[in-house]
>>> print(open('run28.cif').read())   # mmCIF, C-alpha atoms
data_final
#
loop_
_atom_site.group_PDB
_atom_site.id
_atom_site.type_symbol
_atom_site.label_atom_id
_atom_site.label_comp_id
_atom_site.auth_asym_id
_atom_site.auth_seq_id
_atom_site.Cartn_x
_atom_site.Cartn_y
_atom_site.Cartn_z
ATOM 1 C CA MET A 1 -12.615 -10.820 9.369
ATOM 2 C CA GLN A 2 -11.092 -13.427 7.081
ATOM 3 C CA ILE A 3 -10.015 -11.713 3.856
ATOM 4 C CA HIS A 4 -11.122 -13.337 0.623
ATOM 5 C CA GLN A 5 -10.010 -10.730 -1.938
ATOM 6 C CA LEU A 6 -8.423 -7.295 -2.180
ATOM 7 C CA SER A 7 -8.784 -4.737 -4.935
ATOM 8 C CA VAL A 8 -7.019 -1.384 -5.294
ATOM 9 C CA THR A 9 -7.961 0.805 -8.247
ATOM 10 C CA TYR A 10 -7.239 4.384 -9.151
ATOM 11 C CA GLN A 11 -10.415 6.407 -9.714
ATOM 12 C CA SER A 12 -9.393 9.376 -11.859
ATOM 13 C CA GLU A 13 -12.659 11.281 -11.413
ATOM 14 C CA GLN A 14 -12.106 11.207 -7.642
ATOM 15 C CA ASP A 15 -8.282 11.362 -7.853
ATOM 16 C CA ARG A 16 -8.220 8.709 -5.143
ATOM 17 C CA LEU A 17 -7.442 5.052 -4.732
ATOM 18 C CA LEU A 18 -10.422 2.815 -4.024
ATOM 19 C CA LEU A 19 -9.518 -0.080 -1.730
ATOM 20 C CA ARG A 20 -12.078 -2.861 -1.574
ATOM 21 C CA VAL A 21 -11.684 -5.700 0.903
ATOM 22 C CA SER A 22 -14.034 -8.666 0.736
ATOM 23 C CA SER A 23 -14.389 -11.313 3.401
ATOM 24 C CA THR A 24 -15.106 -15.005 3.150
ATOM 25 C CA GLY A 25 -18.366 -14.162 4.968
ATOM 26 C CA GLY A 26 -19.655 -12.110 2.024
ATOM 27 C CA GLU A 27 -18.910 -8.627 3.386
ATOM 28 C CA GLU A 28 -17.142 -5.847 1.519
ATOM 29 C CA MET A 29 -15.415 -2.804 2.983
ATOM 30 C CA ARG A 30 -14.813 0.151 0.672
ATOM 31 C CA LEU A 31 -12.194 2.750 1.479
ATOM 32 C CA TRP A 32 -10.899 5.875 -0.258
ATOM 33 C CA LEU A 33 -7.141 6.440 0.024
ATOM 34 C CA THR A 34 -6.055 9.982 -0.820
ATOM 35 C CA ARG A 35 -2.699 11.128 -2.121
ATOM 36 C CA ARG A 36 -2.082 13.045 1.094
ATOM 37 C CA LEU A 37 -2.591 9.880 3.134
ATOM 38 C CA MET A 38 -0.420 7.780 0.823
ATOM 39 C CA VAL A 39 2.521 10.209 1.035
ATOM 40 C CA ALA A 40 2.964 9.212 4.681
ATOM 41 C CA LEU A 41 1.559 5.672 4.544
ATOM 42 C CA TRP A 42 3.565 4.282 1.603
ATOM 43 C CA PRO A 43 7.041 4.563 3.223
ATOM 44 C CA LEU A 44 5.673 3.215 6.518
ATOM 45 C CA LEU A 45 4.077 0.179 4.855
ATOM 46 C CA ASN A 46 7.284 -0.584 2.962
ATOM 47 C CA LYS A 47 9.357 -0.312 6.141
ATOM 48 C CA LEU A 48 6.980 -2.548 8.116
ATOM 49 C CA GLN A 49 6.853 -5.080 5.313
ATOM 50 C CA THR A 50 10.656 -5.240 5.137
ATOM 51 C CA GLU A 51 10.852 -5.740 8.903
ATOM 52 C CA GLN A 52 8.112 -8.382 8.710
ATOM 53 C CA LEU A 53 9.970 -10.300 5.993
ATOM 54 C CA LEU A 54 13.374 -10.103 7.678
ATOM 55 C CA ARG A 55 12.048 -11.000 11.129
ATOM 56 C CA HIS A 56 10.790 -14.337 9.830
ATOM 57 C CA GLU A 57 13.931 -15.313 7.960
ATOM 58 C CA ALA A 58 15.921 -18.233 9.377
ATOM 59 C CA GLY A 59 18.717 -15.887 10.532
ATOM 60 C CA GLY A 60 16.413 -12.923 11.125
ATOM 61 C CA ALA A 61 18.087 -11.689 14.308
ATOM 62 C CA ALA A 62 21.496 -11.700 12.636
ATOM 63 C CA LEU A 63 20.119 -9.754 9.660
ATOM 64 C CA ALA A 64 19.310 -6.731 11.818
ATOM 65 C CA ASP A 65 22.982 -5.762 11.929
ATOM 66 C CA THR A 66 23.920 -6.627 8.344
ATOM 67 C CA ASP A 67 24.606 -4.393 5.393
ATOM 68 C CA GLU A 68 21.590 -2.425 4.138
ATOM 69 C CA GLU A 69 22.192 -3.646 0.584
ATOM 70 C CA LEU A 70 22.055 -7.290 1.713
ATOM 71 C CA ARG A 71 18.806 -6.639 3.590
ATOM 72 C CA ARG A 72 17.326 -4.922 0.524
ATOM 73 C CA MET A 73 18.338 -7.801 -1.772
ATOM 74 C CA LEU A 74 16.875 -10.420 0.553
ATOM 75 C CA THR A 75 13.658 -8.437 0.895
ATOM 76 C CA GLU A 76 13.328 -8.093 -2.883
ATOM 77 C CA PHE A 77 13.933 -11.829 -3.296
ATOM 78 C CA ARG A 78 11.177 -12.656 -0.787
ATOM 79 C CA LYS A 79 8.792 -10.177 -2.409
ATOM 80 C CA GLU A 80 9.286 -11.819 -5.798
ATOM 81 C CA GLU A 81 8.803 -15.228 -4.236
ATOM 82 C CA PHE A 82 5.434 -14.165 -2.752
ATOM 83 C CA LEU A 83 4.331 -12.488 -5.994
ATOM 84 C CA GLN A 84 5.014 -15.626 -8.040
ATOM 85 C CA LYS A 85 2.570 -17.549 -5.837
ATOM 86 C CA ALA A 86 -0.085 -14.807 -5.709
ATOM 87 C CA ASP A 87 -3.294 -14.901 -7.747
ATOM 88 C CA PHE A 88 -3.774 -11.552 -9.497
ATOM 89 C CA ASP A 89 -5.764 -13.065 -12.386
ATOM 90 C CA THR A 90 -9.049 -13.884 -10.629
ATOM 91 C CA PRO A 91 -11.456 -10.968 -11.118
ATOM 92 C CA TYR A 92 -12.636 -9.199 -7.988
ATOM 93 C CA GLN A 93 -16.156 -10.281 -7.028
ATOM 94 C CA ASP A 94 -18.465 -7.597 -5.655
ATOM 95 C CA LYS A 95 -20.127 -8.458 -2.345
ATOM 96 C CA PRO A 96 -23.662 -7.275 -1.607
ATOM 97 C CA ASN A 97 -23.202 -6.845 2.161
ATOM 98 C CA LEU A 98 -21.615 -3.438 2.902
ATOM 99 C CA PRO A 99 -21.275 -3.028 6.719
ATOM 100 C CA LEU A 100 -19.720 0.452 6.372
ATOM 101 C CA GLY A 101 -22.394 1.554 3.895
ATOM 102 C CA SER A 102 -22.288 2.083 0.147
ATOM 103 C CA ASP A 103 -20.209 5.266 0.426
ATOM 104 C CA PRO A 104 -16.546 4.365 0.831
ATOM 105 C CA LEU A 105 -14.877 5.342 4.081
ATOM 106 C CA VAL A 106 -12.569 8.329 3.465
ATOM 107 C CA VAL A 107 -9.471 7.222 5.346
ATOM 108 C CA THR A 108 -7.987 10.096 7.341
ATOM 109 C CA ASP A 109 -5.474 8.059 9.326
ATOM 110 C CA VAL A 110 -4.093 4.550 9.493
ATOM 111 C CA ASP A 111 -2.649 2.815 12.531
ATOM 112 C CA ALA A 112 -0.150 0.146 11.518
ATOM 113 C CA ALA A 113 1.281 -2.286 14.033
ATOM 114 C CA PRO A 114 3.395 -5.413 13.559
ATOM 115 C CA LEU A 115 2.141 -8.258 15.733
ATOM 116 C CA ALA A 116 4.183 -10.898 17.567
ATOM 117 C CA ASN A 117 2.678 -13.657 15.387
ATOM 118 C CA GLY A 118 4.234 -12.079 12.266
ATOM 119 C CA ARG A 119 1.045 -10.469 11.024
ATOM 120 C CA LEU A 120 0.530 -6.783 10.319
ATOM 121 C CA ARG A 121 -2.504 -5.022 11.803
ATOM 122 C CA LEU A 122 -3.886 -2.069 9.865
ATOM 123 C CA SER A 123 -6.646 0.112 11.317
ATOM 124 C CA PHE A 124 -8.246 2.453 8.799
ATOM 125 C CA ASN A 125 -10.081 5.386 10.387
ATOM 126 C CA GLU A 126 -12.306 8.193 9.174
ATOM 127 C CA ARG A 127 -12.933 11.260 11.302
ATOM 128 C CA ALA A 128 -16.610 12.003 11.838
ATOM 129 C CA THR A 129 -16.332 15.433 10.204
ATOM 130 C CA VAL A 130 -15.273 13.841 6.911
ATOM 131 C CA ALA A 131 -18.349 11.646 6.781
ATOM 132 C CA GLY A 132 -20.581 14.541 7.807
ATOM 133 C CA GLY A 133 -21.870 12.557 10.755
ATOM 134 C CA ASP A 134 -21.289 12.444 14.468
ATOM 135 C CA LYS A 135 -19.818 8.970 14.612
ATOM 136 C CA PRO A 136 -16.389 8.139 13.143
ATOM 137 C CA ARG A 137 -16.121 5.014 11.026
ATOM 138 C CA GLY A 138 -13.278 2.533 11.013
ATOM 139 C CA PHE A 139 -12.101 -0.824 9.816
ATOM 140 C CA GLN A 140 -9.325 -3.102 11.061
ATOM 141 C CA VAL A 141 -7.593 -5.973 9.313
ATOM 142 C CA GLU A 142 -4.673 -8.302 10.022
ATOM 143 C CA MET A 143 -2.455 -9.496 7.180
ATOM 144 C CA ASP A 144 0.140 -12.231 7.013
ATOM 145 C CA GLN A 145 3.338 -11.781 4.976
ATOM 146 C CA ARG A 146 1.818 -13.102 1.767
ATOM 147 C CA LEU A 147 -1.266 -10.905 1.990
ATOM 148 C CA THR A 148 0.803 -7.857 2.970
ATOM 149 C CA GLN A 149 2.996 -8.318 -0.106
ATOM 150 C CA GLY A 150 -0.039 -8.755 -2.356
ATOM 151 C CA PHE A 151 -1.646 -5.627 -0.891
ATOM 152 C CA LEU A 152 1.518 -3.568 -1.431
ATOM 153 C CA HIS A 153 1.807 -4.861 -4.980
ATOM 154 C CA LEU A 154 -1.785 -3.785 -5.740
ATOM 155 C CA LEU A 155 -1.119 -0.386 -4.135
ATOM 156 C CA GLU A 156 2.052 0.022 -6.189
ATOM 157 C CA GLN A 157 0.196 -0.721 -9.433
ATOM 158 C CA ALA A 158 -2.584 1.749 -8.550
ATOM 159 C CA LEU A 159 -0.031 4.418 -7.596
ATOM 160 C CA ALA A 160 1.647 3.985 -10.981
ATOM 161 C CA ARG A 161 -1.714 4.460 -12.742
ATOM 162 C CA SER A 162 -2.460 7.517 -10.601
ATOM 163 C CA GLN A 163 0.659 9.285 -11.880
ATOM 164 C CA TRP A 164 1.234 10.650 -8.384
ATOM 165 C CA ARG A 165 4.929 10.139 -9.127
ATOM 166 C CA GLU A 166 6.398 12.057 -6.217
ATOM 167 C CA PRO A 167 7.303 10.673 -3.661
ATOM 168 C CA PHE A 168 6.118 7.168 -4.541
ATOM 169 C CA ALA A 169 8.591 6.524 -7.330
ATOM 170 C CA ALA A 170 12.090 5.406 -6.487
ATOM 171 C CA PRO A 171 14.517 8.316 -6.622
ATOM 172 C CA THR A 172 16.104 8.578 -10.050
ATOM 173 C CA GLN A 173 18.104 11.222 -11.797
ATOM 174 C CA ARG A 174 15.579 13.529 -13.377
ATOM 175 C CA VAL A 175 16.284 15.143 -16.688
ATOM 176 C CA ALA A 176 14.428 18.273 -17.733
ATOM 177 C CA GLU A 177 12.963 18.437 -21.177
ATOM 178 C CA GLY A 178 15.777 19.688 -23.362
ATOM 179 C CA GLY A 179 18.184 19.926 -20.394
ATOM 180 C CA GLU A 180 20.302 17.663 -18.256
ATOM 181 C CA ALA A 181 20.792 17.192 -14.522
ATOM 182 C CA ASP A 182 24.153 18.464 -13.339
ATOM 183 C CA ALA A 183 26.952 16.187 -12.127
ATOM 184 C CA LEU A 184 25.974 16.608 -8.472
ATOM 185 C CA GLY A 185 22.503 15.193 -9.134
ATOM 186 C CA GLU A 186 20.771 18.471 -8.347
ATOM 187 C CA ARG A 187 17.381 19.185 -9.808
ATOM 188 C CA PRO A 188 17.463 20.458 -13.360
ATOM 189 C CA ARG A 189 16.690 24.104 -13.925
ATOM 190 C CA TYR A 190 13.845 25.082 -16.180
ATOM 191 C CA LEU A 191 14.152 28.193 -18.271
ATOM 192 C CA ASN A 192 11.081 29.879 -19.628
#
>>> encode(input="run28.cif", output="structure tokens")
Amino acid sequence: MQIHQLSVTYQSEQDRLLLRVSSTGGEEMRLWLTRRLMVALWPLLNKLQTEQLLRHEAGGAALADTDEELRRMLTEFRKEEFLQKADFDTPYQDKPNLPLGSDPLVVTDVDAAPLANGRLRLSFNERATVAGGDKPRGFQVEMDQRLTQGFLHLLEQALARSQWREPFAAPTQRVAEGGEADALGERPRYLN
């Protein structure tokens, strides 16, 4: 499947993320991503994306043994570079052909594998019991670096709208309402 557009939106009435993937052939795959799934998937996708970006740098092999801060800075630079070239302004166009059906696939597990050609393969699967049928549904896609970064950016925006703060937000020092975190960075204590 050749991807034409991606859309990730938070659906508050479902408390899920709706991922829509349209192909150049006029097909659209609809998938529900739950908070439970994203708790495990988000760190994995970020790790794989970082590895994907660093592996294709000019000195990629040498970067494997460098300082973590240098790797993080280089990764952030590449992410920004991809985002500047991405098109997030074109509205998503609905496709009439829905091979998985009109009901979105409720993703129960994702298999993520980096490929030798630098692409990332994602297999989205739904157990049969979730769909209420006997046959499990699934969908597989391969993404290059640019598409992977765009996908993660859309996910990040939807996660921010979802207000599923933990554990998607970067760790920061939390301050309780009317209180302060202690010097060791421990969680604030709430008094009722």
>>> residues_near_point(input="run28.cif", point="(0.9, 1.0, -3.6)", cutoff="12 Å", atoms="only C-alpha atoms", output="VMD selection string")
chain A and resid 7 to 10 17 to 19 33 to 35 37 to 46 148 to 165 167 to 169
>>> resolve_selection(input="run28.cif", expression="the PyMOL selection byres ((chain A and resi 94-110) around 9)", output="JSON, numbers by chain")
{"A": [18, 19, 20, 22, 23, 26, 27, 28, 29, 30, 31, 32, 33, 34, 37, 41, 92, 93, 111, 112, 122, 123, 124, 125, 126, 127, 130, 131, 137, 138, 139]}
>>> write_last_selection(input="run28.cif", atoms="C-alpha atoms", output="PDB file, in the frame of the given file")
ATOM      1  CA  LEU A  18     -10.422   2.815  -4.024  1.00  0.00           C
ATOM      2  CA  LEU A  19      -9.518  -0.080  -1.730  1.00  0.00           C
ATOM      3  CA  ARG A  20     -12.078  -2.861  -1.574  1.00  0.00           C
ATOM      4  CA  SER A  22     -14.034  -8.666   0.736  1.00  0.00           C
ATOM      5  CA  SER A  23     -14.389 -11.313   3.401  1.00  0.00           C
ATOM      6  CA  GLY A  26     -19.655 -12.110   2.024  1.00  0.00           C
ATOM      7  CA  GLU A  27     -18.910  -8.627   3.386  1.00  0.00           C
ATOM      8  CA  GLU A  28     -17.142  -5.847   1.519  1.00  0.00           C
ATOM      9  CA  MET A  29     -15.415  -2.804   2.983  1.00  0.00           C
ATOM     10  CA  ARG A  30     -14.813   0.151   0.672  1.00  0.00           C
ATOM     11  CA  LEU A  31     -12.194   2.750   1.479  1.00  0.00           C
ATOM     12  CA  TRP A  32     -10.899   5.875  -0.258  1.00  0.00           C
ATOM     13  CA  LEU A  33      -7.141   6.440   0.024  1.00  0.00           C
ATOM     14  CA  THR A  34      -6.055   9.982  -0.820  1.00  0.00           C
ATOM     15  CA  LEU A  37      -2.591   9.880   3.134  1.00  0.00           C
ATOM     16  CA  LEU A  41       1.559   5.672   4.544  1.00  0.00           C
ATOM     17  CA  TYR A  92     -12.636  -9.199  -7.988  1.00  0.00           C
ATOM     18  CA  GLN A  93     -16.156 -10.281  -7.028  1.00  0.00           C
ATOM     19  CA  ASP A 111      -2.649   2.815  12.531  1.00  0.00           C
ATOM     20  CA  ALA A 112      -0.150   0.146  11.518  1.00  0.00           C
ATOM     21  CA  LEU A 122      -3.886  -2.069   9.865  1.00  0.00           C
ATOM     22  CA  SER A 123      -6.646   0.112  11.317  1.00  0.00           C
ATOM     23  CA  PHE A 124      -8.246   2.453   8.799  1.00  0.00           C
ATOM     24  CA  ASN A 125     -10.081   5.386  10.387  1.00  0.00           C
ATOM     25  CA  GLU A 126     -12.306   8.193   9.174  1.00  0.00           C
ATOM     26  CA  ARG A 127     -12.933  11.260  11.302  1.00  0.00           C
ATOM     27  CA  VAL A 130     -15.273  13.841   6.911  1.00  0.00           C
ATOM     28  CA  ALA A 131     -18.349  11.646   6.781  1.00  0.00           C
ATOM     29  CA  ARG A 137     -16.121   5.014  11.026  1.00  0.00           C
ATOM     30  CA  GLY A 138     -13.278   2.533  11.013  1.00  0.00           C
ATOM     31  CA  PHE A 139     -12.101  -0.824   9.816  1.00  0.00           C
TER      32      PHE A 139
END
>>> resolve_selection(input="run28.cif", expression="the PyMOL selection byres ((chain A and resi 114) around 12)", output="list in words")
Leu44, Leu45, Lys47, Leu48, Gln49, Thr50, Glu51, Gln52, Leu53, Arg55, Asp111, Ala112, Ala113, Leu115, Ala116, Asn117, Gly118, Arg119, Leu120, Arg121, Leu122, Ser123, Val141, Glu142, Met143, Asp144, Gln145 and Thr148 of chain A
>>> write_last_selection(input="run28.cif", atoms="C-alpha atoms", output="compact mmCIF listing (two decimals), in the coordinates of the input")
# COMPACT_ATOMS: atom_id res chain seq x y z
CA LEU A 44 5.67 3.22 6.52
CA LEU A 45 4.08 0.18 4.86
CA LYS A 47 9.36 -0.31 6.14
CA LEU A 48 6.98 -2.55 8.12
CA GLN A 49 6.85 -5.08 5.31
CA THR A 50 10.66 -5.24 5.14
CA GLU A 51 10.85 -5.74 8.90
CA GLN A 52 8.11 -8.38 8.71
CA LEU A 53 9.97 -10.30 5.99
CA ARG A 55 12.05 -11.00 11.13
CA ASP A 111 -2.65 2.82 12.53
CA ALA A 112 -0.15 0.15 11.52
CA ALA A 113 1.28 -2.29 14.03
CA LEU A 115 2.14 -8.26 15.73
CA ALA A 116 4.18 -10.90 17.57
CA ASN A 117 2.68 -13.66 15.39
CA GLY A 118 4.23 -12.08 12.27
CA ARG A 119 1.04 -10.47 11.02
CA LEU A 120 0.53 -6.78 10.32
CA ARG A 121 -2.50 -5.02 11.80
CA LEU A 122 -3.89 -2.07 9.86
CA SER A 123 -6.65 0.11 11.32
CA VAL A 141 -7.59 -5.97 9.31
CA GLU A 142 -4.67 -8.30 10.02
CA MET A 143 -2.46 -9.50 7.18
CA ASP A 144 0.14 -12.23 7.01
CA GLN A 145 3.34 -11.78 4.98
CA THR A 148 0.80 -7.86 2.97
>>> atom_distance(input="run28.cif", atom1="atom CA of A:Leu54", atom2="atom CA of A:Gln140")
24.0 Å
>>> atom_distance(input="run28.cif", atom1="atom CA of A:Met73", atom2="atom CA of A:Asp87")
23.5 Å
>>> atom_distance(input="run28.cif", atom1="atom CA of A:Ala86", atom2="atom CA of A:Glu69")
25.7 Å
